[in-house]
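Text of run-v2.cif, listed as mmCIF, C-alpha atoms and all ligand atoms:
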```cif
data_upload
loop_
_atom_site.group_PDB
_atom_site.id
_atom_site.type_symbol
_atom_site.label_atom_id
_atom_site.label_comp_id
_atom_site.auth_asym_id
_atom_site.auth_seq_id
_atom_site.Cartn_x
_atom_site.Cartn_y
_atom_site.Cartn_z
ATOM 1 C CA MET A 1 47.335 8.509 -15.987
ATOM 2 C CA ILE A 2 44.225 6.350 -16.333
ATOM 3 C CA VAL A 3 44.759 2.738 -15.313
ATOM 4 C CA GLU A 4 42.256 0.169 -16.473
ATOM 5 C CA GLN A 5 40.100 -1.429 -13.768
ATOM 6 C CA GLU A 6 40.471 -5.167 -13.419
ATOM 7 C CA PRO A 7 37.880 -6.746 -15.745
ATOM 8 C CA PRO A 8 35.454 -9.266 -14.221
ATOM 9 C CA TYR A 9 36.838 -12.252 -16.200
ATOM 10 C CA ALA A 10 40.442 -11.815 -14.920
ATOM 11 C CA ALA A 11 39.928 -13.521 -11.560
ATOM 12 C CA GLY A 12 38.464 -16.623 -13.189
ATOM 13 C CA LEU A 13 41.378 -16.903 -15.609
ATOM 14 C CA PHE A 14 44.083 -16.534 -12.932
ATOM 15 C CA GLY A 15 42.275 -18.554 -10.246
ATOM 16 C CA ASP A 16 44.429 -18.825 -7.094
ATOM 17 C CA HIS A 17 47.110 -16.625 -8.691
ATOM 18 C CA ILE A 18 45.012 -13.491 -9.087
ATOM 19 C CA GLU A 19 46.771 -11.590 -6.260
ATOM 20 C CA ALA A 20 50.161 -11.926 -7.983
ATOM 21 C CA ALA A 21 48.561 -10.891 -11.277
ATOM 22 C CA ARG A 22 47.144 -7.796 -9.570
ATOM 23 C CA ALA A 23 50.543 -6.928 -8.112
ATOM 24 C CA PHE A 24 52.274 -7.353 -11.490
ATOM 25 C CA THR A 25 49.689 -5.242 -13.301
ATOM 26 C CA ALA A 26 49.903 -2.509 -10.657
ATOM 27 C CA ASP A 27 53.731 -2.454 -10.873
ATOM 28 C CA LEU A 28 53.616 -2.310 -14.660
ATOM 29 C CA ALA A 29 51.109 0.546 -14.497
ATOM 30 C CA GLN A 30 53.324 2.395 -12.022
ATOM 31 C CA TYR A 31 56.778 1.880 -13.581
ATOM 32 C CA GLY A 32 56.143 0.614 -17.125
ATOM 33 C CA GLU A 33 56.071 3.878 -19.005
ATOM 34 C CA GLU A 34 58.938 5.452 -17.076
ATOM 35 C CA LEU A 35 61.119 2.382 -17.753
ATOM 36 C CA GLY A 36 60.153 2.364 -21.432
ATOM 37 C CA LEU A 37 58.435 -1.029 -21.110
ATOM 38 C CA ILE A 38 54.996 0.042 -22.329
ATOM 39 C CA GLY A 39 53.729 2.911 -24.428
ATOM 40 C CA PRO A 40 51.920 5.918 -22.925
ATOM 41 C CA LEU A 41 48.445 4.606 -23.858
ATOM 42 C CA GLU A 42 48.878 1.073 -22.581
ATOM 43 C CA ALA A 43 47.987 1.694 -18.907
ATOM 44 C CA GLU A 44 44.406 2.201 -20.099
ATOM 45 C CA ARG A 45 44.294 -1.347 -21.447
ATOM 46 C CA LEU A 46 46.870 -3.210 -19.384
ATOM 47 C CA TRP A 47 44.490 -5.917 -18.258
ATOM 48 C CA SER A 48 42.386 -6.456 -21.367
ATOM 49 C CA ARG A 49 45.026 -5.985 -24.078
ATOM 50 C CA HIS A 50 48.087 -7.362 -22.311
ATOM 51 C CA VAL A 51 47.761 -9.338 -19.079
ATOM 52 C CA VAL A 52 44.584 -11.263 -19.923
ATOM 53 C CA ASN A 53 45.736 -11.747 -23.502
ATOM 54 C CA CYS A 54 48.833 -13.519 -22.125
ATOM 55 C CA VAL A 55 47.203 -15.671 -19.433
ATOM 56 C CA LEU A 56 45.026 -17.323 -22.079
ATOM 57 C CA VAL A 57 48.192 -19.096 -23.262
ATOM 58 C CA ALA A 58 48.887 -20.637 -19.828
ATOM 59 C CA PRO A 59 46.865 -23.853 -20.397
ATOM 60 C CA LEU A 60 49.014 -24.613 -23.482
ATOM 61 C CA LEU A 61 52.212 -24.918 -21.434
ATOM 62 C CA ARG A 62 53.653 -28.306 -20.623
ATOM 63 C CA PRO A 63 55.267 -28.865 -17.251
ATOM 64 C CA GLY A 64 58.965 -28.377 -17.987
ATOM 65 C CA ARG A 65 61.163 -25.506 -19.193
ATOM 66 C CA VAL A 66 59.616 -22.860 -21.382
ATOM 67 C CA GLY A 67 61.536 -19.964 -22.922
ATOM 68 C CA ASP A 68 59.965 -16.577 -23.640
ATOM 69 C CA VAL A 69 61.901 -14.798 -26.378
ATOM 70 C CA GLY A 70 61.858 -10.978 -26.269
ATOM 71 C CA SER A 71 60.076 -10.902 -22.920
ATOM 72 C CA GLY A 72 60.262 -7.098 -22.609
ATOM 73 C CA ALA A 73 57.922 -6.060 -19.809
ATOM 74 C CA GLY A 74 57.300 -9.739 -18.971
ATOM 75 C CA LEU A 75 54.630 -10.397 -21.594
ATOM 76 C CA PRO A 76 53.889 -13.190 -21.699
ATOM 77 C CA GLY A 77 56.818 -14.553 -19.603
ATOM 78 C CA LEU A 78 56.013 -13.149 -16.167
ATOM 79 C CA VAL A 79 52.267 -13.614 -16.618
ATOM 80 C CA LEU A 80 52.848 -17.280 -17.475
ATOM 81 C CA ALA A 81 55.214 -17.717 -14.508
ATOM 82 C CA ILE A 82 52.461 -16.345 -12.247
ATOM 83 C CA ALA A 83 49.738 -18.562 -13.714
ATOM 84 C CA ARG A 84 51.845 -21.746 -13.984
ATOM 85 C CA PRO A 85 54.115 -22.245 -10.958
ATOM 86 C CA ASP A 86 54.669 -25.840 -12.165
ATOM 87 C CA VAL A 87 56.553 -24.537 -15.237
ATOM 88 C CA GLU A 88 60.062 -23.066 -15.238
ATOM 89 C CA LEU A 89 60.155 -19.881 -17.336
ATOM 90 C CA VAL A 90 63.381 -18.739 -19.001
ATOM 91 C CA LEU A 91 62.977 -15.099 -20.044
ATOM 92 C CA ILE A 92 65.311 -14.213 -22.931
ATOM 93 C CA GLU A 93 65.760 -10.503 -23.534
ATOM 94 C CA PRO A 94 68.753 -8.556 -24.920
ATOM 95 C CA MET A 95 68.106 -5.113 -23.387
ATOM 96 C CA GLU A 96 69.702 -4.569 -19.979
ATOM 97 C CA ARG A 97 67.047 -2.120 -18.805
ATOM 98 C CA ARG A 98 64.432 -4.787 -19.486
ATOM 99 C CA THR A 99 66.355 -7.677 -17.928
ATOM 100 C CA ASP A 100 66.859 -5.513 -14.818
ATOM 101 C CA TRP A 101 63.099 -4.999 -14.644
ATOM 102 C CA LEU A 102 62.338 -8.715 -15.230
ATOM 103 C CA THR A 103 64.725 -9.763 -12.440
ATOM 104 C CA ALA A 104 63.519 -7.116 -9.976
ATOM 105 C CA GLU A 105 59.857 -7.787 -10.706
ATOM 106 C CA SER A 106 60.114 -11.573 -10.433
ATOM 107 C CA ASN A 107 61.858 -11.066 -7.054
ATOM 108 C CA ARG A 108 59.167 -8.613 -5.915
ATOM 109 C CA LEU A 109 56.474 -11.115 -6.853
ATOM 110 C CA GLY A 110 58.344 -13.946 -5.131
ATOM 111 C CA LEU A 111 58.431 -16.048 -8.298
ATOM 112 C CA THR A 112 60.883 -18.923 -7.873
ATOM 113 C CA ASN A 113 60.236 -20.405 -11.334
ATOM 114 C CA VAL A 114 61.859 -17.596 -13.364
ATOM 115 C CA THR A 115 65.362 -17.334 -14.839
ATOM 116 C CA VAL A 116 66.282 -14.179 -16.722
ATOM 117 C CA VAL A 117 68.858 -14.509 -19.518
ATOM 118 C CA ARG A 118 70.272 -11.413 -21.165
ATOM 119 C CA GLY A 119 70.925 -11.957 -24.856
ATOM 120 C CA ARG A 120 69.469 -12.384 -28.298
ATOM 121 C CA ALA A 121 67.730 -15.664 -29.069
ATOM 122 C CA GLU A 122 70.217 -16.480 -31.825
ATOM 123 C CA ASP A 123 73.139 -16.232 -29.377
ATOM 124 C CA ILE A 124 71.612 -18.436 -26.666
ATOM 125 C CA HIS A 125 72.218 -22.185 -26.536
ATOM 126 C CA PRO A 126 70.112 -23.696 -23.757
ATOM 127 C CA ASP A 127 71.417 -26.959 -22.354
ATOM 128 C CA PRO A 128 69.267 -28.965 -22.226
ATOM 129 C CA LEU A 129 67.095 -27.567 -24.990
ATOM 130 C CA LEU A 130 63.733 -26.076 -23.975
ATOM 131 C CA ASP A 131 60.380 -27.876 -24.081
ATOM 132 C CA GLN A 132 58.508 -24.910 -25.580
ATOM 133 C CA VAL A 133 59.203 -21.320 -26.591
ATOM 134 C CA THR A 134 56.754 -18.435 -26.527
ATOM 135 C CA ALA A 135 57.082 -14.985 -28.101
ATOM 136 C CA ARG A 136 54.826 -11.963 -28.451
ATOM 137 C CA ALA A 137 55.353 -8.912 -30.647
ATOM 138 C CA VAL A 138 58.960 -9.784 -31.506
ATOM 139 C CA SER A 139 58.892 -10.243 -35.292
ATOM 140 C CA ALA A 140 57.055 -11.832 -38.213
ATOM 141 C CA LEU A 141 56.854 -15.629 -38.329
ATOM 142 C CA SER A 142 59.348 -15.881 -41.201
ATOM 143 C CA LYS A 143 62.037 -14.375 -38.914
ATOM 144 C CA LEU A 144 60.774 -15.665 -35.580
ATOM 145 C CA VAL A 145 60.748 -19.348 -36.525
ATOM 146 C CA PRO A 146 64.464 -19.589 -37.454
ATOM 147 C CA LEU A 147 65.290 -17.532 -34.347
ATOM 148 C CA CYS A 148 63.380 -19.730 -31.909
ATOM 149 C CA ALA A 149 63.306 -23.264 -33.336
ATOM 150 C CA PRO A 150 66.988 -23.969 -32.450
ATOM 151 C CA LEU A 151 66.176 -23.326 -28.762
ATOM 152 C CA VAL A 152 63.599 -26.132 -28.644
ATOM 153 C CA LYS A 153 64.203 -29.858 -28.324
ATOM 154 C CA PRO A 154 62.845 -32.236 -30.966
ATOM 155 C CA GLY A 155 59.185 -32.815 -30.205
ATOM 156 C CA GLY A 156 58.947 -29.456 -28.424
ATOM 157 C CA GLU A 157 56.717 -26.597 -29.474
ATOM 158 C CA LEU A 158 56.685 -23.016 -30.664
ATOM 159 C CA LEU A 159 53.818 -20.911 -29.239
ATOM 160 C CA PHE A 160 53.765 -17.429 -30.722
ATOM 161 C CA MET A 161 51.105 -14.864 -29.844
ATOM 162 C CA LYS A 162 50.063 -13.180 -33.058
ATOM 163 C CA GLY A 163 47.723 -10.534 -34.434
ATOM 164 C CA ALA A 164 44.772 -10.832 -36.793
ATOM 165 C CA ARG A 165 47.086 -11.136 -39.854
ATOM 166 C CA VAL A 166 48.678 -14.367 -38.682
ATOM 167 C CA GLU A 167 47.386 -16.330 -41.682
ATOM 168 C CA ASP A 168 49.235 -13.949 -44.050
ATOM 169 C CA GLU A 169 52.389 -14.336 -41.956
ATOM 170 C CA LEU A 170 51.986 -18.085 -42.087
ATOM 171 C CA ALA A 171 51.777 -18.084 -45.879
ATOM 172 C CA ALA A 172 54.906 -15.896 -46.101
ATOM 173 C CA ALA A 173 56.802 -18.184 -43.705
ATOM 174 C CA GLU A 174 56.249 -21.437 -45.624
ATOM 175 C CA LYS A 175 59.900 -21.789 -46.678
ATOM 176 C CA ALA A 176 61.222 -20.875 -43.215
ATOM 177 C CA LEU A 177 58.962 -23.493 -41.622
ATOM 178 C CA ARG A 178 60.208 -26.199 -43.961
ATOM 179 C CA LYS A 179 63.845 -25.249 -43.412
ATOM 180 C CA ALA A 180 63.440 -25.345 -39.608
ATOM 181 C CA ARG A 181 61.690 -28.778 -39.775
ATOM 182 C CA ILE A 182 58.466 -27.407 -38.321
ATOM 183 C CA GLN A 183 55.522 -29.805 -38.202
ATOM 184 C CA ASN A 184 51.768 -29.398 -37.722
ATOM 185 C CA PRO A 185 51.569 -25.585 -37.821
ATOM 186 C CA GLU A 186 48.173 -24.334 -36.670
ATOM 187 C CA VAL A 187 46.519 -21.137 -35.490
ATOM 188 C CA LEU A 188 44.523 -21.329 -32.261
ATOM 189 C CA VAL A 189 41.973 -18.698 -31.289
ATOM 190 C CA LEU A 190 41.754 -18.464 -27.495
ATOM 191 C CA GLY A 191 39.263 -16.750 -25.214
ATOM 192 C CA GLU A 192 36.253 -16.680 -27.533
ATOM 193 C CA GLY A 193 33.114 -15.976 -25.502
ATOM 194 C CA ILE A 194 35.219 -15.147 -22.412
ATOM 195 C CA VAL A 195 37.142 -11.992 -23.294
ATOM 196 C CA PRO A 196 36.364 -9.105 -25.658
ATOM 197 C CA GLU A 197 39.685 -9.429 -27.547
ATOM 198 C CA VAL A 198 40.611 -12.997 -28.494
ATOM 199 C CA THR A 199 44.227 -14.177 -28.516
ATOM 200 C CA ARG A 200 45.656 -15.841 -31.601
ATOM 201 C CA VAL A 201 48.485 -18.324 -31.134
ATOM 202 C CA PHE A 202 50.639 -19.921 -33.784
ATOM 203 C CA ARG A 203 51.458 -23.396 -32.462
ATOM 204 C CA ALA A 204 53.803 -25.872 -34.139
ATOM 205 C CA ARG A 205 56.018 -28.824 -33.326
ATOM 206 C CA VAL A 206 59.778 -28.825 -33.840
ATOM 207 C CA GLY A 207 60.727 -31.959 -35.775
ATOM 208 C CA HIS A 208 63.714 -34.264 -35.368
HETATM 209 C C1 LIG A 301 57.964 -5.025 -29.106
HETATM 210 S S1 LIG A 301 58.832 -5.736 -27.774
HETATM 211 C C2 LIG A 301 57.637 -6.889 -27.139
HETATM 212 C C3 LIG A 301 57.915 -7.213 -25.697
HETATM 213 C C4 LIG A 301 56.898 -8.182 -25.071
HETATM 214 N N1 LIG A 301 57.034 -9.516 -25.609
HETATM 215 C C5 LIG A 301 55.485 -7.670 -25.219
HETATM 216 O O1 LIG A 301 54.671 -8.337 -25.845
HETATM 217 O O2 LIG A 301 55.188 -6.572 -24.702
HETATM 218 C C6 LIG A 301 60.023 -6.792 -28.570
HETATM 219 C C7 LIG A 301 61.077 -7.328 -27.602
HETATM 220 O O3 LIG A 301 61.869 -8.299 -28.267
HETATM 221 C C8 LIG A 301 63.218 -8.088 -27.929
HETATM 222 N N2 LIG A 301 64.022 -8.677 -29.006
HETATM 223 C C9 LIG A 301 64.234 -8.159 -30.238
HETATM 224 N N3 LIG A 301 65.021 -8.978 -30.968
HETATM 225 C C10 LIG A 301 65.312 -10.061 -30.174
HETATM 226 C C11 LIG A 301 66.106 -11.235 -30.345
HETATM 227 N N4 LIG A 301 66.760 -11.466 -31.484
HETATM 228 N N5 LIG A 301 66.159 -12.129 -29.323
HETATM 229 C C12 LIG A 301 65.492 -11.878 -28.164
HETATM 230 N N6 LIG A 301 64.752 -10.776 -27.948
HETATM 231 C C13 LIG A 301 64.664 -9.866 -28.931
HETATM 232 C C14 LIG A 301 63.335 -6.581 -27.768
HETATM 233 O O4 LIG A 301 64.444 -6.190 -26.970
HETATM 234 C C15 LIG A 301 62.006 -6.251 -27.106
HETATM 235 O O5 LIG A 301 62.070 -6.292 -25.700
#
```

Using structure tokens, write down the structure that the file contains.
Ligand SMILES: C[S@@+](CC[C@H](N)C(=O)[O-])C[C@H]1O[C@@H](n2cnc3c(N)ncnc32)[C@H](O)[C@@H]1O
Amino acid sequence: MIVEQEPPYAAGLFGDHIEAARAFTADLAQYGEELGLIGPLEAERLWSRHVVNCVLVAPLLRPGRVGDVGSGAGLPGLVLAIARPDVELVLIEPMERRTDWLTAESNRLGLTNVTVVRGRAEDIHPDPLLDQVTARAVSALSKLVPLCAPLVKPGGELLFMKGARVEDELAAAEKALRKARIQNPEVLVLGEGIVPEVTRVFRARVGH
């Protein structure tokens, strides 16, 4: 198995937290495929396609409680917990094999700001509601918005990592956004001039 070398821009993006990011990436490279968390080709681009892609979202987090829906391998949830120890991350994931990994890995990394919740987003009722919710590679915006908006308090935010076709998804989700009282939807492009593959984030406010 070929594991991607740490790219030169990673240390700058993680700052003081780079050692934990290295440990997480090494664990994911070692166990990820065997546990069914990442595909067979992903070890070759773990840093550039996955870990760095996720840490670019860290500056968008508010201090508070942030949910990550469909956390899977911990992308972006564990990466964000590493980069933002001032934020409490609630990782929401229905598959037991994945929640076992998320719990074991956050313990291994010594992360005290992570709670793992096993379940589907639509069956979870956080009390109090969350300040923000992230998601990556879970579903199209038209499905993701109604799934995640009820988890967020009024005035909170949705932050979804999306691919290059996000504008098409946005157009198709118009009705779902209105129904879920979503305000100020926008697409942010992060990492331009810093990383080879930019990260696109759909950001929107949950209305009252
Ligand atoms: C393609 S994986 C992406 C995992 C991770 N976010 C990443 O970027 O690598 C989608 C994940 O969403 C989870 N998922 C699917 N439907 C969900 C739901 N309704 N609520 C919460 N998680 C869900 C799946 O179990 C799976 O772990």

TODO: Rounded to one decimal place, report the CA of Gly67 (chain A)-CA of Arg98 (chain A) distance in Å.
DONE: 15.8 Å

- [ ] List, as a list in words, every residue that the PyMOL selection byres (((chain A and resi 186) around 8) and not hetatm) selects in the file provided.
- [x]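 Here the PyMOL selection byres (((chain A and resi 186) around 8) and not hetatm) matches Asn184, Pro185, Val187, Leu188, Phe202, Arg203 and Ala204 of chain A.
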
- [ ] Compare A:Arg181, A:Arg108, A:Arg84, A:His50 by their minimum atom-to-atom distance to ligand LIG 301 (chain A), counting all atoms listed in the file, and give me the closest one.
- [x]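 Of A:Arg181, A:Arg108, A:Arg84, A:His50, the one nearest ligand LIG 301 (chain A) is A:His50, counting all atoms listed in the file.
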
Task: Point (71.6, -25.2, -21.3), cut-off 12 Å, counting only C-alpha atoms, residues as a ChimeraX atom specification - done: /A:65,67,90,115,117,124-131,151-153

For the residues selected in the previous step, produce a file with C-alpha atoms as a PDB file, keeping the file's coordinate frame.
```
ATOM      1  CA  ARG A  65      61.163 -25.506 -19.193  1.00  0.00           C
ATOM      2  CA  GLY A  67      61.536 -19.964 -22.922  1.00  0.00           C
ATOM      3  CA  VAL A  90      63.381 -18.739 -19.001  1.00  0.00           C
ATOM      4  CA  THR A 115      65.362 -17.334 -14.839  1.00  0.00           C
ATOM      5  CA  VAL A 117      68.858 -14.509 -19.518  1.00  0.00           C
ATOM      6  CA  ILE A 124      71.612 -18.436 -26.666  1.00  0.00           C
ATOM      7  CA  HIS A 125      72.218 -22.185 -26.536  1.00  0.00           C
ATOM      8  CA  PRO A 126      70.112 -23.696 -23.757  1.00  0.00           C
ATOM      9  CA  ASP A 127      71.417 -26.959 -22.354  1.00  0.00           C
ATOM     10  CA  PRO A 128      69.267 -28.965 -22.226  1.00  0.00           C
ATOM     11  CA  LEU A 129      67.095 -27.567 -24.990  1.00  0.00           C
ATOM     12  CA  LEU A 130      63.733 -26.076 -23.975  1.00  0.00           C
ATOM     13  CA  ASP A 131      60.380 -27.876 -24.081  1.00  0.00           C
ATOM     14  CA  LEU A 151      66.176 -23.326 -28.762  1.00  0.00           C
ATOM     15  CA  VAL A 152      63.599 -26.132 -28.644  1.00  0.00           C
ATOM     16  CA  LYS A 153      64.203 -29.858 -28.324  1.00  0.00           C
TER      17      LYS A 153
END
```

TODO: Using the chain letters and numbering of this document, enumerate as a PyMOL selection string the residues selected by the PyMOL selection byres (((chain A and resi 57-64) around 7) and not hetatm).
DONE: chain A and resi 54-56+65-66+80+83-84+86-88+131

Keeping only C-alpha atoms, write the selected residues to a file as a CSV table (one decimal), in the coordinates of the input.
```
chain,number,residue,atom,x,y,z
A,54,CYS,CA,48.8,-13.5,-22.1
A,55,VAL,CA,47.2,-15.7,-19.4
A,56,LEU,CA,45.0,-17.3,-22.1
A,65,ARG,CA,61.2,-25.5,-19.2
A,66,VAL,CA,59.6,-22.9,-21.4
A,80,LEU,CA,52.8,-17.3,-17.5
A,83,ALA,CA,49.7,-18.6,-13.7
A,84,ARG,CA,51.8,-21.7,-14.0
A,86,ASP,CA,54.7,-25.8,-12.2
A,87,VAL,CA,56.6,-24.5,-15.2
A,88,GLU,CA,60.1,-23.1,-15.2
A,131,ASP,CA,60.4,-27.9,-24.1
```

- [ ] Select all residues near (70.6, -11.2, -26.3) (cut-off 8 Å, inclusive, file coordinates), counting all atoms listed in the file, and output them as a PyMOL selection string.
- [x] chain A and resi 92-95+117-124

TODO: Step by step, work through what the PyMOL selection byres (((chain A and resi 114) around 9) and not hetatm) selects in the shown file, and finish by giving those residues as a VMD selection string.
DONE: chain A and resid 77 to 78 81 87 to 91 103 106 111 to 113 115 to 116

Give the padded box for ligand LIG 301 (chain A) as lines of an AutoDock Vina configuration file: axis-aligned, covering all atoms listed in the file, 4 Å on each side, centre and edge lengths in Å to one decimal.
```
center_x = 60.7
center_y = -8.6
center_z = -28.1
size_x = 20.1
size_y = 15.1
size_z = 14.8
```

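Closest approach to ligand LIG 301 (chain A) from the set A:Ala140, A:Val201, A:Val145, A:Val69 is made by A:Val69, with distances taken over all atoms listed in the file.
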
- [ ] Determine, counting only C-alpha atoms, which protein, DNA and RNA residues have an atom within 9 Å of an atom of region 32-35 of chain A; residues of the same chain fewer than 3 positions away are not included. Present the result as a ChimeraX atom specification.
- [x] /A:27-29,38-40,42-43,73,97-98,101

Would you mind exporting the chosen residues as a CSV table (one decimal), in the frame of the given file, restricted to C-alpha atoms?
```csv
chain,number,residue,atom,x,y,z
A,27,ASP,CA,53.7,-2.5,-10.9
A,28,LEU,CA,53.6,-2.3,-14.7
A,29,ALA,CA,51.1,0.5,-14.5
A,38,ILE,CA,55.0,0.0,-22.3
A,39,GLY,CA,53.7,2.9,-24.4
A,40,PRO,CA,51.9,5.9,-22.9
A,42,GLU,CA,48.9,1.1,-22.6
A,43,ALA,CA,48.0,1.7,-18.9
A,73,ALA,CA,57.9,-6.1,-19.8
A,97,ARG,CA,67.0,-2.1,-18.8
A,98,ARG,CA,64.4,-4.8,-19.5
A,101,TRP,CA,63.1,-5.0,-14.6
```

Open item on the list: To one decimal place in Å, what is the distance between CA of Pro7 (chain A) and CA of Gln30 (chain A)?
Closed with: 18.3 Å

Open item on the list: With only C-alpha atoms as the counted atoms, please give the residues lying no more than 12 Å from Val195 (chain A), apart from itself and same-chain residues fewer than 5 positions off, as a list in words.
Closed with: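 Surrounding residues, per the criterion: Pro7, Pro8, Tyr9, Ala10, Gly12, Leu13, Trp47, Ser48, Arg49, His50, Val51, Val52, Asn53, Cys54, Val55, Leu56, Val189 and Leu190 of chain A.
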
Task: Shortest interatomic distance to ligand LIG 301 (chain A) - which of A:Leu159, A:Val79, A:Leu37, A:Ala21, counting all atoms listed in the file - done: A:Leu37

- [ ] Would you please work out which residue, of A:Gln5, A:Gln132, A:Leu141, A:Met161, is nearest to ligand LIG 301 (chain A) when using all atoms listed in the file?
- [x] A:Met161

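If only C-alpha atoms are the atoms counted, then among A:Val198, A:Ala149, A:Met1, A:Val138 the closest residue to Gln183 (chain A) is A:Ala149.
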
Task: Distance of atom C13 of ligand LIG 301 (chain A) from CA of Lys175 (chain A), expressed in Å to one decimal place - done: 21.9 Å
